[in-house]
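A.B. asks: Supplied structure: input_21.txt, compact mmCIF, C-alpha atoms and all ligand atoms.
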# COMPACT_ATOMS: atom_id res chain seq x y z
CA MET K 1 70.51 85.00 26.51
CA THR K 2 72.35 82.42 28.61
CA SER K 3 74.93 80.38 26.71
CA LEU K 4 74.58 76.63 26.44
CA GLU K 5 78.30 76.27 25.87
CA ALA K 6 79.15 75.69 29.54
CA PHE K 7 76.81 72.68 29.54
CA ARG K 8 78.23 70.80 26.58
CA ILE K 9 79.19 67.21 27.46
CA ALA K 10 82.90 66.77 26.74
CA GLY K 11 84.18 63.69 24.91
CA LEU K 12 80.94 63.15 22.98
CA PRO K 13 79.78 64.47 19.61
CA PRO K 14 79.22 68.20 20.15
CA ASP K 15 75.43 68.00 20.25
CA PHE K 16 74.75 66.83 23.80
CA PHE K 17 74.16 69.20 26.70
CA TYR K 18 73.37 68.57 30.37
CA ILE K 19 72.05 71.26 32.72
CA PRO K 20 71.72 70.30 36.37
CA ASN K 21 69.01 71.89 38.52
CA PHE K 22 67.10 73.21 35.52
CA VAL K 23 63.94 73.31 37.65
CA SER K 24 63.73 73.82 41.41
CA VAL K 25 62.49 71.34 44.01
CA GLU K 26 59.25 73.34 44.31
CA GLU K 27 58.74 73.44 40.55
CA GLU K 28 59.40 69.71 40.33
CA ALA K 29 56.75 68.99 42.97
CA SER K 30 54.29 71.33 41.30
CA ILE K 31 54.71 69.70 37.85
CA LEU K 32 54.49 66.17 39.30
CA GLY K 33 51.28 67.14 41.09
CA LYS K 34 49.65 68.32 37.86
CA ILE K 35 50.27 65.34 35.59
CA PRO K 36 46.75 63.99 34.96
CA ALA K 37 46.29 60.52 36.43
CA GLN K 38 43.67 59.51 33.84
CA ARG K 39 45.80 60.16 30.77
CA TRP K 40 48.35 57.31 31.01
CA THR K 41 48.81 54.75 28.26
CA HIS K 42 50.19 51.56 29.76
CA LEU K 43 53.01 49.73 28.00
CA THR K 44 54.70 46.56 29.25
CA HIS K 45 57.75 48.35 30.56
CA ARG K 46 56.65 51.90 31.25
CA ARG K 47 53.64 54.16 30.94
CA LEU K 48 53.38 57.36 28.97
CA GLN K 49 51.15 60.23 27.94
CA ALA K 50 51.39 62.69 25.04
CA HIS K 51 50.45 66.38 25.18
CA PRO K 52 48.53 68.00 23.63
CA SER K 53 47.82 64.63 21.92
CA THR K 54 49.43 61.72 20.11
CA LEU K 55 50.43 62.34 16.49
CA THR K 56 48.26 61.03 13.66
CA LYS K 57 49.52 58.00 11.78
CA ASN K 58 51.08 60.40 9.26
CA ASN K 59 52.98 62.11 12.10
CA VAL K 60 50.78 65.20 12.06
CA LEU K 61 50.08 67.13 15.23
CA LEU K 62 46.59 68.58 15.57
CA ALA K 63 47.33 72.09 16.75
CA ALA K 64 46.45 72.70 20.39
CA PRO K 65 48.19 74.54 23.20
CA LEU K 66 50.33 72.65 25.68
CA PRO K 67 48.95 72.66 29.24
CA GLY K 68 50.26 75.48 31.39
CA TYR K 69 52.18 73.30 33.84
CA LEU K 70 54.32 71.99 30.93
CA THR K 71 54.84 75.47 29.48
CA ASN K 72 55.60 77.49 32.55
CA PRO K 73 58.44 77.93 33.59
CA VAL K 74 60.15 75.45 31.28
CA ILE K 75 59.57 76.95 27.82
CA GLU K 76 60.65 80.45 28.87
CA ARG K 77 63.92 78.93 30.06
CA PHE K 78 64.33 77.11 26.73
CA LYS K 79 63.94 80.49 25.02
CA ASP K 80 66.55 82.03 27.25
CA LEU K 81 68.97 79.28 26.21
CA GLY K 82 67.93 79.45 22.54
CA ILE K 83 67.34 75.68 22.46
CA PHE K 84 64.60 75.68 19.80
CA ASP K 85 65.72 78.82 17.94
CA GLU K 86 66.51 76.83 14.78
CA THR K 87 63.43 74.59 14.66
CA PRO K 88 60.43 75.44 12.38
CA HIS K 89 58.13 76.67 15.16
CA ARG K 90 60.96 78.05 17.31
CA GLN K 91 59.51 76.33 20.34
CA PRO K 92 58.31 72.89 21.35
CA ASN K 93 54.73 72.02 20.47
CA HIS K 94 54.69 68.48 21.88
CA VAL K 95 55.63 66.80 25.16
CA LEU K 96 55.84 63.09 25.90
CA ILE K 97 55.66 62.18 29.57
CA ASN K 98 57.29 58.82 30.34
CA GLU K 99 57.26 57.11 33.72
CA TYR K 100 59.83 54.45 34.64
CA ARG K 101 59.56 52.46 37.83
CA PRO K 102 62.64 50.56 39.10
CA GLY K 103 63.42 47.80 36.62
CA GLU K 104 61.70 49.58 33.73
CA GLY K 105 63.34 51.14 30.67
CA ILE K 106 63.11 51.82 26.96
CA MET K 107 64.81 49.92 24.15
CA PRO K 108 67.56 51.63 22.16
CA HIS K 109 65.90 53.71 19.44
CA GLU K 110 66.08 56.93 17.48
CA ASP K 111 63.35 59.54 17.61
CA GLY K 112 63.01 59.83 13.84
CA GLY K 113 61.74 62.25 11.25
CA ALA K 114 58.44 63.45 12.71
CA TYR K 115 60.30 66.03 14.80
CA ALA K 116 62.92 68.70 14.29
CA PRO K 117 66.27 67.28 15.45
CA VAL K 118 66.19 68.83 18.92
CA VAL K 119 65.01 66.99 22.03
CA ALA K 120 64.98 68.53 25.48
CA THR K 121 64.27 66.18 28.38
CA VAL K 122 63.43 67.31 31.91
CA SER K 123 63.92 64.56 34.52
CA LEU K 124 61.76 64.47 37.66
CA GLY K 125 61.68 62.12 40.65
CA GLY K 126 64.40 59.47 40.49
CA ALA K 127 67.76 59.42 38.70
CA LEU K 128 68.87 56.94 36.05
CA CYS K 129 71.32 56.45 33.20
CA LEU K 130 70.50 56.98 29.55
CA HIS K 131 72.62 54.81 27.25
CA ILE K 132 73.88 56.30 24.01
CA SER K 133 74.94 53.78 21.39
CA PRO K 134 75.94 53.84 17.73
CA LYS K 135 73.41 53.01 15.05
CA PRO K 136 74.12 49.51 13.84
CA ASP K 137 75.94 49.23 10.49
CA GLU K 138 73.44 49.14 7.72
CA SER K 139 74.71 45.79 6.44
CA ASP K 140 73.83 43.91 9.61
CA ASP K 141 71.20 46.23 10.91
CA ASP K 142 68.77 43.88 12.61
CA ARG K 143 71.30 41.57 14.17
CA ASN K 144 73.24 44.40 15.80
CA ARG K 145 70.18 46.18 17.00
CA LYS K 146 68.91 43.05 18.64
CA SER K 147 72.16 42.26 20.40
CA GLU K 148 72.51 45.86 21.56
CA ALA K 149 68.96 45.73 22.85
CA ALA K 150 69.52 42.40 24.57
CA LYS K 151 72.62 43.69 26.35
CA LEU K 152 70.84 46.83 27.41
CA GLU K 153 67.84 44.89 28.67
CA SER K 154 70.07 42.73 30.83
CA GLY K 155 72.15 45.68 32.02
CA GLN K 156 75.32 44.28 30.48
CA ILE K 157 76.47 47.38 28.65
CA ASN K 158 79.16 49.22 30.50
CA GLN K 159 81.95 51.56 29.80
CA ASP K 160 84.62 48.87 29.55
CA GLU K 161 83.13 47.97 26.24
CA SER K 162 85.09 49.04 23.18
CA SER K 163 84.34 52.59 22.20
CA ARG K 164 83.99 53.58 18.59
CA ALA K 165 85.90 56.22 16.70
CA GLU K 166 87.05 59.43 18.36
CA TYR K 167 84.13 59.71 20.72
CA GLU K 168 83.50 57.50 23.67
CA ILE K 169 80.40 55.79 22.44
CA PRO K 170 78.63 53.77 23.71
CA CYS K 171 78.38 55.86 26.84
CA ARG K 172 76.07 56.63 29.74
CA ILE K 173 74.49 59.97 30.64
CA TYR K 174 73.42 60.17 34.28
CA GLN K 175 70.18 62.14 34.55
CA GLU K 176 69.62 63.63 37.98
CA PRO K 177 66.17 64.77 39.06
CA ARG K 178 65.41 68.35 37.94
CA SER K 179 68.06 68.23 35.21
CA LEU K 180 67.68 69.05 31.53
CA PHE K 181 69.32 66.89 28.85
CA ILE K 182 69.47 68.15 25.26
CA THR K 183 70.22 66.14 22.11
CA THR K 184 70.54 67.97 18.79
CA GLY K 185 72.03 67.76 15.31
CA ASP K 186 74.08 64.74 14.30
CA ALA K 187 73.72 63.19 17.73
CA TYR K 188 69.95 63.18 17.17
CA ARG K 189 70.23 61.66 13.70
CA GLN K 190 73.13 59.25 14.06
CA LEU K 191 72.92 57.69 17.51
CA LEU K 192 70.50 55.56 19.47
CA HIS K 193 69.36 56.15 23.03
CA GLY K 194 67.76 53.82 25.54
CA ILE K 195 67.35 53.05 29.24
CA ALA K 196 68.28 49.65 30.70
CA SER K 197 65.47 47.82 32.48
CA ILE K 198 67.40 47.44 35.74
CA GLU K 199 66.85 48.36 39.38
CA VAL K 200 70.33 49.68 40.12
CA ASP K 201 72.73 51.68 37.94
CA ASP K 202 76.20 50.72 39.12
CA ASN K 203 79.87 51.38 38.48
CA LEU K 204 79.10 55.09 38.28
CA ASN K 205 82.16 57.32 38.33
CA ALA K 206 84.06 60.01 36.40
CA GLN K 207 85.33 57.42 33.91
CA THR K 208 82.03 55.69 33.21
CA VAL K 209 79.57 58.61 33.19
CA ALA K 210 80.02 61.03 30.28
CA ASN K 211 78.46 64.03 32.04
CA TRP K 212 80.11 63.44 35.45
CA SER K 213 81.76 66.88 35.59
CA LEU K 214 78.39 68.57 35.00
CA LEU K 215 76.47 66.71 37.74
CA ALA K 216 74.90 68.72 40.56
CA GLU K 217 75.71 66.12 43.19
CA PRO K 218 78.40 63.60 42.24
CA ARG K 219 79.07 63.20 45.98
CA VAL K 220 75.68 61.54 46.43
CA ILE K 221 76.76 58.82 43.99
CA GLU K 222 80.23 58.50 45.48
CA GLU K 223 78.79 58.13 48.96
CA ALA K 224 76.54 55.35 47.67
CA GLY K 225 79.59 53.47 46.37
CA GLY K 226 78.97 54.38 42.72
CA ARG K 227 75.45 52.97 42.79
CA ASN K 228 72.10 54.53 42.03
CA ILE K 229 69.21 52.55 43.42
CA ARG K 230 66.39 53.55 41.13
CA SER K 231 63.14 55.09 42.24
CA THR K 232 60.33 56.19 39.95
CA ARG K 233 61.49 58.68 37.33
CA ILE K 234 59.21 60.83 35.22
CA SER K 235 60.65 62.46 32.12
CA LEU K 236 59.17 65.28 30.07
CA THR K 237 60.43 65.12 26.51
CA TYR K 238 59.91 68.38 24.62
CA ARG K 239 59.97 68.39 20.83
CA ASP K 240 58.93 70.44 17.80
CA VAL K 241 56.66 68.35 15.56
CA LEU K 242 57.28 69.38 11.95
CA LYS K 243 53.78 68.88 10.54
CA VAL K 244 51.00 70.74 12.33
CA SER K 245 47.41 70.84 11.18
CA SER K 246 45.03 73.44 12.52
CA ALA K 247 41.32 72.71 12.70
CA ALA K 248 40.76 75.46 10.10
CA ASN K 249 43.22 73.76 7.76
CA LYS K 250 41.43 70.52 8.17
CA VAL K 251 38.07 71.97 7.20
CA PHE K 252 39.64 73.77 4.27
CA GLY K 253 41.48 70.62 3.19
CA GLY K 254 38.21 68.71 3.41
CA LEU K 255 36.38 71.27 1.23
CA GLN K 256 39.12 71.27 -1.34
CA LYS K 257 38.86 67.56 -1.81
CA ARG K 258 35.30 67.74 -3.07
O1 LIG Q 1 62.69 59.15 29.21
C1 LIG Q 1 63.65 59.50 28.53
O2 LIG Q 1 64.57 60.19 28.96
C2 LIG Q 1 63.74 59.06 27.10
C3 LIG Q 1 62.42 59.00 26.44
C4 LIG Q 1 62.56 58.74 24.98
O3 LIG Q 1 63.58 58.38 24.49
C5 LIG Q 1 61.42 58.98 24.08
O4 LIG Q 1 60.31 59.25 24.57
O5 LIG Q 1 61.61 58.92 22.85
FE FE Q 2 63.59 58.68 22.37
Written as structure tokens, how would this file's structure read?
Ligand SMILES: O=C(O)CCC(=O)C(=O)O
Ligand SMILES: [Fe+2]
C.D. replies:
Amino acid sequence: MTSLEAFRIAGLPPDFFYIPNFVSVEEEASILGKIPAQRWTHLTHRRLQAHPSTLTKNNVLLAAPLPGYLTNPVIERFKDLGIFDETPHRQPNHVLINEYRPGEGIMPHEDGGAYAPVVATVSLGGALCLHISPKPDESDDDRNRKSEAAKLESGQINQDESSRAEYEIPCRIYQEPRSLFITTGDAYRQLLHGIASIEVDDNLNAQTVANWSLLAEPRVIEEAGGRNIRSTRISLTYRDVLKVSSAANKVFGGLQKR
């Protein structure tokens, strides 16, 4: 088994990992070519598709295999790293595919209780920054969340902003194409993540990007003057849904009710 330890992001809670070049250029092209064009759900600021399907309103997954192009080679590599060893099904059973064009993003949020607290995200296509921010204090929950969201939407959050506690949060994680980003444990439960709806990520350097020392190609950013002009990014978010219902279960459950 390969150790994840070398890929831990320093200066953050100990539950974030970044692995550059997790898939090859050829694998990236192959996966991108297999994402079914007819399966997209269109939202205002991005489009997405869920595999094998969206969860029921009670957060239940109807058991079905993941398509091969999402399984192979990615899940074998997860096993080698032991990423899902502690989750109930010991491997992901659900993948969300999100597409962000330049200027598109996702509001700060947490992924919640439907899943085991392990998320593994493969980035394909373009690069961008994920913002990690604290959960607002419970007392002024809504107000904080809204202002955090407003700042993120307008691209105002940056590293000069006051950081909380011992860790440098809020912070930015730069996700290069073909990388894997892992969030587990307390980081999953206690922090928010989001993507600013901007066309350029700027002021990128060793001080403002938490995973700078783990990047495959920091030179590319340096040569661009610390700017990343966004192009379309597709992310594959792998998770283990806690509640799974097999078709057999469903029939049995239905009979029992009578
Ligand atoms: O695209 C990403 O990296 C984040 C997606 C995300 O946060 C989600 O689907 O819950
Ligand atoms: Fe999320």
A.B. asks: List as JSON, numbers by chain the protein and nucleic acid residues lying within 7 Å of ligand FE 2 (chain Q), with only C-alpha atoms and all ligand atoms counted.
C.D. replies: {"K": [109, 110, 111, 193]}
A.B. asks: What separation in Å, quoted to one decimal, exists between atom CA of K:Val118 and atom CA of K:Ile182?
C.D. replies: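 Taking atom CA of K:Val118 as the start and atom CA of K:Ile182 as the end point, the length is 7.2 Å.
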A.B. asks: What residues of the protein or nucleic acid chains come within 8 Å of ligand LIG 1 (chain Q) when you use all atoms listed in the file? Reply as an mmCIF file with C-alpha atoms, in the frame of the given file.
C.D. replies:
data_model
loop_
_atom_site.group_PDB
_atom_site.id
_atom_site.type_symbol
_atom_site.label_atom_id
_atom_site.label_comp_id
_atom_site.auth_asym_id
_atom_site.auth_seq_id
_atom_site.Cartn_x
_atom_site.Cartn_y
_atom_site.Cartn_z
ATOM 1 C CA LEU K 96 55.840 63.090 25.900
ATOM 2 C CA ILE K 97 55.660 62.180 29.570
ATOM 3 C CA ASN K 98 57.290 58.820 30.340
ATOM 4 C CA GLU K 99 57.260 57.110 33.720
ATOM 5 C CA TYR K 100 59.830 54.450 34.640
ATOM 6 C CA ILE K 106 63.110 51.820 26.960
ATOM 7 C CA HIS K 109 65.900 53.710 19.440
ATOM 8 C CA GLU K 110 66.080 56.930 17.480
ATOM 9 C CA ASP K 111 63.350 59.540 17.610
ATOM 10 C CA THR K 121 64.270 66.180 28.380
ATOM 11 C CA VAL K 122 63.430 67.310 31.910
ATOM 12 C CA SER K 123 63.920 64.560 34.520
ATOM 13 C CA LEU K 130 70.500 56.980 29.550
ATOM 14 C CA HIS K 193 69.360 56.150 23.030
ATOM 15 C CA GLY K 194 67.760 53.820 25.540
ATOM 16 C CA ILE K 195 67.350 53.050 29.240
ATOM 17 C CA ILE K 234 59.210 60.830 35.220
ATOM 18 C CA SER K 235 60.650 62.460 32.120
ATOM 19 C CA LEU K 236 59.170 65.280 30.070
ATOM 20 C CA THR K 237 60.430 65.120 26.510
#
A.B. asks: How many Å lie between atom CA of K:Leu12 and atom CA of K:Glu168, rounded to one decimal?
C.D. replies: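 Separation of atom CA of K:Leu12 and atom CA of K:Glu168: 6.2 Å.
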A.B. asks: In Å, rounded to a single decimal, give me how far atom CA of K:Glu222 is from atom CA of K:Leu124.
C.D. replies: 20.9 Å
A.B. asks: So which one's closest to K:Asp15, K:Ala196, K:Leu55, K:Leu214, K:Val119? Using only C-alpha atoms, please.
C.D. replies: K:Val119
A.B. asks: Counting only C-alpha atoms, what is within 10 Å of K:Arg39, bar same-chain residues fewer than 6 positions away, as a PyMOL selection string?
C.D. replies: chain K and resi 47-51
A.B. asks: List every protein, DNA or RNA residue that has an atom no more than 12 Å from (59.7, 78.1, 11.1) in the file's coordinate frame, counting all atoms listed in the file, and report them as a list in words.
C.D. replies: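 With a cut-off of 12 Å, the residues come to Phe84, Asp85, Glu86, Thr87, Pro88, His89, Arg90, Gln91, Pro92, Ala116, Asp240, Val241, Leu242, Lys243 and Val244 of chain K.
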A.B. asks: At a cut-off of 6 Å, using only C-alpha atoms, what residues contact stretch 131-138 of chain K? Leave out same-chain residues fewer than 3 positions from it and give the result as a list of chain:residue names.
C.D. replies: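 Near neighbours after the sequence-gap exclusion: K:Asp141, K:Asn144, K:Ile169, K:Pro170, K:Cys171, K:Arg172, K:Leu191, K:Leu192, K:His193, K:Gly194, K:Ile195.
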A.B. asks: Determine, counting only C-alpha atoms, which protein, DNA and RNA residues have an atom within 10 Å of an atom of K:Ala6; residues of the same chain fewer than 3 positions away are not included. Present the result as a list in words.
C.D. replies: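 That gives Thr2, Ser3, Ile9, Phe17, Tyr18, Ile19 and Leu214 of chain K.
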A.B. asks: Which of these residues is nearest to K:Arg77, using all atoms listed in the file: K:Ala216, K:Ala120, K:Leu204, K:Leu43?
C.D. replies: K:Ala120
A.B. asks: Output, as JSON, the centre and edge lengths in Å (one decimal) of the axis-aligned box that contains all listed atoms of stretch 180-198 of chain K with 8 Å of margin on each side.
C.D. replies:
{"center_x": 69.8, "center_y": 58.2, "center_z": 24.7, "size_x": 24.6, "size_y": 37.6, "size_z": 38.0}
A.B. asks: Show me the residues around (51.1, 74.7, 36.7) - criterion: an atom at most 10 Å away, all atoms listed in the file counted - as a list in words.
C.D. replies: Glu27, Ser30, Ile31, Leu32, Gly33, Lys34, Ile35, Pro67, Gly68, Tyr69, Leu70, Thr71, Asn72 and Pro73 of chain K
A.B. asks: Any chance you could model N, CA and C atoms for stretch 218-253 of chain K and send them as a compact mmCIF listing (two decimals), in the frame of the given file?
C.D. replies:
# COMPACT_ATOMS: atom_id res chain seq x y z
N PRO K 218 77.65 64.85 42.41
CA PRO K 218 78.40 63.60 42.24
C PRO K 218 78.71 62.93 43.59
N ARG K 219 78.78 63.75 44.63
CA ARG K 219 79.07 63.20 45.98
C ARG K 219 78.01 62.19 46.42
N VAL K 220 76.76 62.46 46.06
CA VAL K 220 75.68 61.54 46.43
C VAL K 220 75.97 60.15 45.86
N ILE K 221 76.46 60.11 44.63
CA ILE K 221 76.76 58.82 43.99
C ILE K 221 77.99 58.20 44.64
N GLU K 222 79.00 59.01 44.86
CA GLU K 222 80.23 58.50 45.48
C GLU K 222 79.92 57.89 46.85
N GLU K 223 79.10 58.61 47.61
CA GLU K 223 78.79 58.13 48.96
C GLU K 223 77.99 56.84 48.93
N ALA K 224 77.31 56.60 47.82
CA ALA K 224 76.54 55.35 47.67
C ALA K 224 77.39 54.27 46.99
N GLY K 225 78.71 54.48 46.94
CA GLY K 225 79.59 53.47 46.37
C GLY K 225 79.45 53.33 44.86
N GLY K 226 79.10 54.43 44.18
CA GLY K 226 78.97 54.38 42.72
C GLY K 226 77.70 53.72 42.25
N ARG K 227 76.72 53.61 43.15
CA ARG K 227 75.45 52.97 42.79
C ARG K 227 74.29 53.96 42.86
N ASN K 228 73.36 53.78 41.95
CA ASN K 228 72.10 54.53 42.03
C ASN K 228 70.97 53.53 42.11
N ILE K 229 70.37 53.43 43.28
CA ILE K 229 69.21 52.55 43.42
C ILE K 229 68.02 53.32 42.88
N ARG K 230 67.43 52.78 41.84
CA ARG K 230 66.39 53.55 41.13
C ARG K 230 65.13 53.73 41.96
N SER K 231 64.52 54.88 41.79
CA SER K 231 63.14 55.09 42.24
C SER K 231 62.39 55.60 41.01
N THR K 232 61.11 55.82 41.13
CA THR K 232 60.33 56.19 39.95
C THR K 232 60.82 57.50 39.34
N ARG K 233 61.09 57.46 38.05
CA ARG K 233 61.49 58.68 37.33
C ARG K 233 60.41 59.04 36.31
N ILE K 234 60.12 60.32 36.25
CA ILE K 234 59.21 60.83 35.22
C ILE K 234 60.01 61.76 34.33
N SER K 235 59.95 61.54 33.03
CA SER K 235 60.65 62.46 32.12
C SER K 235 59.64 63.20 31.25
N LEU K 236 59.97 64.44 30.98
CA LEU K 236 59.17 65.28 30.07
C LEU K 236 60.04 65.53 28.85
N THR K 237 59.63 64.98 27.72
CA THR K 237 60.43 65.12 26.51
C THR K 237 59.78 66.13 25.58
N TYR K 238 60.44 67.27 25.42
CA TYR K 238 59.91 68.38 24.62
C TYR K 238 60.45 68.31 23.20
N ARG K 239 59.54 68.44 22.22
CA ARG K 239 59.97 68.39 20.83
C ARG K 239 59.13 69.36 19.99
N ASP K 240 59.67 69.65 18.78
CA ASP K 240 58.93 70.44 17.80
C ASP K 240 58.50 69.51 16.67
N VAL K 241 57.21 69.19 16.63
CA VAL K 241 56.66 68.35 15.56
C VAL K 241 56.63 69.18 14.28
N LEU K 242 57.15 68.61 13.19
CA LEU K 242 57.28 69.38 11.95
C LEU K 242 55.93 69.70 11.32
N LYS K 243 55.06 68.68 11.24
CA LYS K 243 53.78 68.88 10.54
C LYS K 243 52.66 69.17 11.54
N VAL K 244 52.09 70.34 11.43
CA VAL K 244 51.00 70.74 12.33
C VAL K 244 49.78 71.08 11.49
N SER K 245 48.64 70.56 11.91
CA SER K 245 47.41 70.84 11.18
C SER K 245 46.45 71.55 12.11
N SER K 246 46.01 72.74 11.70
CA SER K 246 45.03 73.44 12.52
C SER K 246 43.65 72.95 12.13
N ALA K 247 42.69 73.14 12.99
CA ALA K 247 41.32 72.71 12.70
C ALA K 247 40.84 73.40 11.43
N ALA K 248 41.17 74.69 11.28
CA ALA K 248 40.76 75.46 10.10
C ALA K 248 41.32 74.82 8.83
N ASN K 249 42.59 74.44 8.88
CA ASN K 249 43.22 73.76 7.76
C ASN K 249 42.48 72.52 7.36
N LYS K 250 42.08 71.79 8.40
CA LYS K 250 41.43 70.52 8.17
C LYS K 250 40.12 70.71 7.41
N VAL K 251 39.34 71.68 7.86
CA VAL K 251 38.07 71.97 7.20
C VAL K 251 38.34 72.38 5.77
N PHE K 252 39.31 73.27 5.59
CA PHE K 252 39.64 73.77 4.27
C PHE K 252 40.09 72.63 3.37
N GLY K 253 40.99 71.78 3.94
CA GLY K 253 41.48 70.62 3.19
C GLY K 253 40.31 69.74 2.78
